[in-house]
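What follows is the content of start-v7.tsv, which has TSV, C-alpha atoms:
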chain	number	residue	atom	x	y	z
A	213	ARG	CA	61.74	99.25	95.89
A	214	THR	CA	65.47	99.25	95.27
A	215	VAL	CA	67.51	102.42	95.74
A	216	PRO	CA	71.23	102.77	94.94
A	217	ILE	CA	73.19	103.67	98.08
A	218	ARG	CA	74.49	106.90	96.51
A	219	GLU	CA	70.85	108.08	96.32
A	220	PHE	CA	69.71	106.79	99.74
A	221	TYR	CA	71.06	109.62	101.94
A	222	THR	CA	69.63	113.05	101.18
A	223	VAL	CA	70.49	115.54	103.95
A	224	PRO	CA	71.85	115.15	107.49
A	225	GLY	CA	69.68	112.66	109.35
A	226	LYS	CA	67.40	112.03	106.35
A	227	THR	CA	67.10	109.37	103.69
A	228	VAL	CA	64.73	108.67	100.80
A	229	ARG	CA	62.89	106.15	102.98
A	230	LYS	CA	59.23	107.06	103.19
A	231	HIS	CA	57.24	107.03	106.43
A	232	ASP	CA	55.52	103.75	105.55
A	233	GLU	CA	58.69	101.95	104.41
A	234	ILE	CA	61.33	99.92	106.23
A	235	LEU	CA	64.78	98.91	105.08
A	236	VAL	CA	64.71	95.12	104.79
A	237	ALA	CA	67.95	94.32	102.97
A	238	ILE	CA	71.16	95.72	101.57
A	239	HIS	CA	72.25	93.93	98.43
A	240	ILE	CA	75.93	93.92	97.51
A	241	ALA	CA	76.82	92.40	94.16
A	242	ARG	CA	79.57	89.76	94.22
A	243	ALA	CA	81.69	91.87	91.86
A	244	ASP	CA	81.65	94.66	94.47
A	245	TYR	CA	83.46	92.60	97.11
A	246	GLU	CA	85.09	89.57	95.51
A	247	ASP	CA	88.90	89.88	95.39
A	248	PHE	CA	88.82	93.13	97.38
A	249	GLY	CA	90.56	93.83	100.67
A	250	GLY	CA	88.95	96.38	102.92
A	251	CYS	CA	89.39	98.41	106.07
A	252	TYR	CA	87.15	100.73	108.09
A	253	ILE	CA	88.50	103.15	110.67
A	254	LYS	CA	86.28	105.15	113.00
A	255	TYR	CA	87.73	108.05	114.93
A	256	GLY	CA	85.99	109.01	118.12
A	257	LYS	CA	86.94	110.20	121.56
A	258	ARG	CA	85.71	107.00	123.20
A	259	ASN	CA	85.44	103.40	122.00
A	260	ALA	CA	82.09	102.59	123.61
A	261	MET	CA	78.81	104.18	122.54
A	262	GLU	CA	80.61	106.89	120.63
A	263	ILE	CA	79.24	109.08	117.89
A	264	ALA	CA	82.09	109.16	115.38
A	265	THR	CA	84.03	112.31	114.67
A	266	LEU	CA	84.96	110.82	111.28
A	267	GLY	CA	84.85	107.40	109.64
A	268	CYS	CA	86.84	106.19	106.64
A	269	ALA	CA	86.27	103.04	104.59
A	270	ALA	CA	88.65	101.77	101.91
A	271	MET	CA	88.31	98.82	99.55
A	272	VAL	CA	91.09	97.85	97.16
A	273	LYS	CA	91.50	95.30	94.41
A	274	LEU	CA	95.10	94.63	93.43
A	275	SER	CA	96.66	93.47	90.18
A	276	ALA	CA	97.51	89.76	89.85
A	277	ASP	CA	101.12	90.43	90.93
A	278	LYS	CA	99.87	92.52	93.90
A	279	LYS	CA	102.09	95.46	92.92
A	280	THR	CA	99.56	97.90	91.46
A	281	LEU	CA	96.14	99.16	92.42
A	282	ALA	CA	93.51	97.79	90.06
A	283	GLU	CA	90.61	99.50	91.83
A	284	LEU	CA	90.02	101.72	94.86
A	285	ARG	CA	86.87	102.68	96.69
A	286	LEU	CA	87.27	105.35	99.33
A	287	ALA	CA	84.40	106.71	101.42
A	288	TYR	CA	83.96	108.95	104.43
A	289	GLY	CA	81.19	109.33	106.95
A	290	VAL	CA	80.57	112.33	109.20
A	291	ALA	CA	82.91	114.36	107.00
A	292	ALA	CA	80.06	115.92	105.06
A	293	PRO	CA	76.32	116.25	105.57
A	294	THR	CA	75.88	112.75	104.12
A	295	PRO	CA	78.29	109.83	103.57
A	296	MET	CA	80.45	110.39	100.50
A	297	ARG	CA	82.82	108.62	98.13
A	298	CYS	CA	85.96	110.15	96.66
A	299	VAL	CA	85.27	109.10	93.06
A	300	LYS	CA	87.77	111.50	91.47
A	301	THR	CA	90.55	110.21	93.69
A	302	GLU	CA	89.52	106.62	93.00
A	303	ALA	CA	89.79	107.19	89.23
A	304	ALA	CA	93.06	109.14	89.48
A	305	VAL	CA	94.99	106.33	91.20
A	306	GLN	CA	93.70	103.37	89.21
A	307	GLY	CA	96.70	101.37	87.95
A	308	ALA	CA	99.16	103.17	90.25
A	309	GLN	CA	102.15	101.42	91.80
A	310	ILE	CA	101.67	100.52	95.47
A	311	GLY	CA	103.87	102.51	97.84
A	312	GLU	CA	104.17	105.67	99.88
A	313	GLU	CA	103.65	107.93	96.86
A	314	LEU	CA	100.30	106.26	96.18
A	315	LEU	CA	99.17	106.77	99.78
A	316	GLN	CA	100.18	110.46	99.59
A	317	ARG	CA	98.24	110.90	96.32
A	318	ILE	CA	95.16	109.32	97.87
A	319	ALA	CA	95.38	111.55	100.96
A	320	ALA	CA	95.80	114.67	98.83
A	321	GLY	CA	92.95	113.67	96.54
A	322	ALA	CA	90.63	113.03	99.45
A	323	LEU	CA	91.47	116.47	100.88
A	324	GLY	CA	90.39	117.98	97.57
A	325	GLU	CA	87.07	116.15	97.52
A	326	VAL	CA	85.93	116.02	101.13
A	327	LYS	CA	84.53	119.30	102.41
A	328	PRO	CA	84.10	118.73	106.15
A	329	ARG	CA	82.19	121.07	108.37
A	330	THR	CA	82.75	122.37	111.86
A	331	SER	CA	80.33	120.97	114.41
A	332	TRP	CA	80.18	120.38	118.14
A	333	ARG	CA	82.16	117.15	117.56
A	334	ALA	CA	85.17	118.64	115.77
A	335	SER	CA	86.42	121.63	113.82
A	336	ARG	CA	86.74	121.61	110.04
A	337	GLU	CA	90.52	121.84	110.37
A	338	PHE	CA	90.72	118.80	112.66
A	339	ARG	CA	88.45	116.80	110.37
A	340	LEU	CA	90.69	117.68	107.39
A	341	GLN	CA	93.65	116.25	109.29
A	342	LEU	CA	91.62	113.09	109.96
A	343	VAL	CA	90.56	112.81	106.30
A	344	SER	CA	94.19	112.72	105.24
A	345	GLU	CA	95.52	110.43	107.97
A	346	LEU	CA	92.61	107.97	108.12
A	347	GLY	CA	92.60	107.72	104.32
A	348	ARG	CA	96.26	106.71	104.29
A	349	ARG	CA	95.84	104.25	107.15
A	350	ALA	CA	92.67	102.64	105.78
A	351	VAL	CA	94.10	102.19	102.28
A	352	ARG	CA	97.38	100.83	103.67
A	353	GLN	CA	95.51	98.20	105.72
A	354	ALA	CA	93.13	97.40	102.84
A	355	ILE	CA	96.17	96.69	100.63
A	356	VAL	CA	97.54	94.31	103.26
A	357	ASN	CA	94.12	92.67	103.61
A	358	ALA	CA	94.05	92.17	99.82
A	359	GLY	CA	97.39	90.33	99.99
A	360	GLY	CA	99.69	93.19	99.05
A	361	LYS	CA	102.56	94.95	100.76
A	362	THR	CA	102.84	98.70	101.17
A	363	ASP	CA	106.56	98.78	101.94
A	364	VAL	CA	105.93	101.67	104.33
Translate this structure into structure tokens?
Amino acid sequence: RTVPIREFYTVPGKTVRKHDEILVAIHIARADYEDFGGCYIKYGKRNAMEIATLGCAAMVKLSADKKTLAELRLAYGVAAPTPMRCVKTEAAVQGAQIGEELLQRIAAGALGEVKPRTSWRASREFRLQLVSELGRRAVRQAIVNAGGKTDV
């Protein structure tokens, strides 16, 4: 069977996969990666064999002149009980001019959507700081990877 990724994760440590099923492939449509630049940043206390404190992935598609954001995809792992995308933030910045103001809007939007929890790995307050900072850094690098300049 085929399951959209947004429906795959259900609760912490659980997915929709049944006991007699195995995941055999992840299909990504060409339109979901072609002409995008991306960046993933994992924050953890160690580099080797580390369970992440927070992870942030950003994908951007730029306008033809590379000066505005045509499309953004911003997702976080370990910030909530299941991986999550910041769809409201993504929609709010579509068509925005690339620059420091855009990065600040993205960070603020992510803070409004991501509701991290306190766990043995990190406090809610620390994770909120990471949501903001990793969001800015990941989007900045994704813009560069897509051929743009952030001028910051």
Of the listed residues A:Thr214, A:Lys254, A:Ala241, A:Lys279, that which approaches Val228 of chain A most closely, counting only C-alpha atoms
A:Thr214
List as a CSV table (one decimal) with C-alpha atoms, keeping the file's coordinate frame the residues having at least one atom at most 12 Å from position (84.2, 108.7, 114.5) as given in the file, counting only C-alpha atoms.
chain,number,residue,atom,x,y,z
A,252,TYR,CA,87.2,100.7,108.1
A,253,ILE,CA,88.5,103.2,110.7
A,254,LYS,CA,86.3,105.2,113.0
A,255,TYR,CA,87.7,108.0,114.9
A,256,GLY,CA,86.0,109.0,118.1
A,257,LYS,CA,86.9,110.2,121.6
A,258,ARG,CA,85.7,107.0,123.2
A,259,ASN,CA,85.4,103.4,122.0
A,260,ALA,CA,82.1,102.6,123.6
A,261,MET,CA,78.8,104.2,122.5
A,262,GLU,CA,80.6,106.9,120.6
A,263,ILE,CA,79.2,109.1,117.9
A,264,ALA,CA,82.1,109.2,115.4
A,265,THR,CA,84.0,112.3,114.7
A,266,LEU,CA,85.0,110.8,111.3
A,267,GLY,CA,84.8,107.4,109.6
A,268,CYS,CA,86.8,106.2,106.6
A,269,ALA,CA,86.3,103.0,104.6
A,288,TYR,CA,84.0,109.0,104.4
A,289,GLY,CA,81.2,109.3,107.0
A,290,VAL,CA,80.6,112.3,109.2
A,291,ALA,CA,82.9,114.4,107.0
A,333,ARG,CA,82.2,117.2,117.6
A,334,ALA,CA,85.2,118.6,115.8
A,339,ARG,CA,88.4,116.8,110.4
A,342,LEU,CA,91.6,113.1,110.0
A,343,VAL,CA,90.6,112.8,106.3
A,346,LEU,CA,92.6,108.0,108.1
For Tyr221 of chain A, list every protein, DNA or RNA residue within 12 Å, evaluated using all atoms listed in the file, and leave out those in the same chain fewer than 3 positions away; present the list as a list in words.
Val215, Pro216, Ile217, Arg218, Pro224, Gly225, Lys226, Thr227, Val228, Arg229, Gly289, Ala292, Pro293, Thr294, Pro295 and Met296 of chain A
Using atom CA of Asn357 of chain A and atom CA of Ala237 of chain A as the two end points, give the distance in Å to one decimal.
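Answer for the atom CA of Asn357 of chain A to atom CA of Ala237 of chain A separation: 26.2 Å.
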Could you list, with a cut-off of 12 Å and counting all atoms listed in the file, the residues of segment 331-354 of chain A near segment 299-313 of chain A, each shown with its nearest atom pair and the distance in Å rounded to one decimal, rows sorted by chain and ascending number, as CSV?
residue,atom,partner,partner_atom,distance
A:Gly347,CA,A:Thr301,CA,11.1
A:Arg348,CA,A:Glu312,CA,9.1
A:Arg349,CA,A:Glu312,CA,11.1
A:Val351,CA,A:Ile310,CA,10.3
A:Arg352,CA,A:Gly311,CA,8.9
A:Ala354,CA,A:Ile310,CA,11.7
For a quick check of understanding, using only C-alpha atoms, which of A:Lys278, A:Arg213, A:Ser344, A:Asp363 has the smallest distance to Val236 of chain A?
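The shortest atom-to-atom distance to Val236 of chain A comes from A:Arg213.
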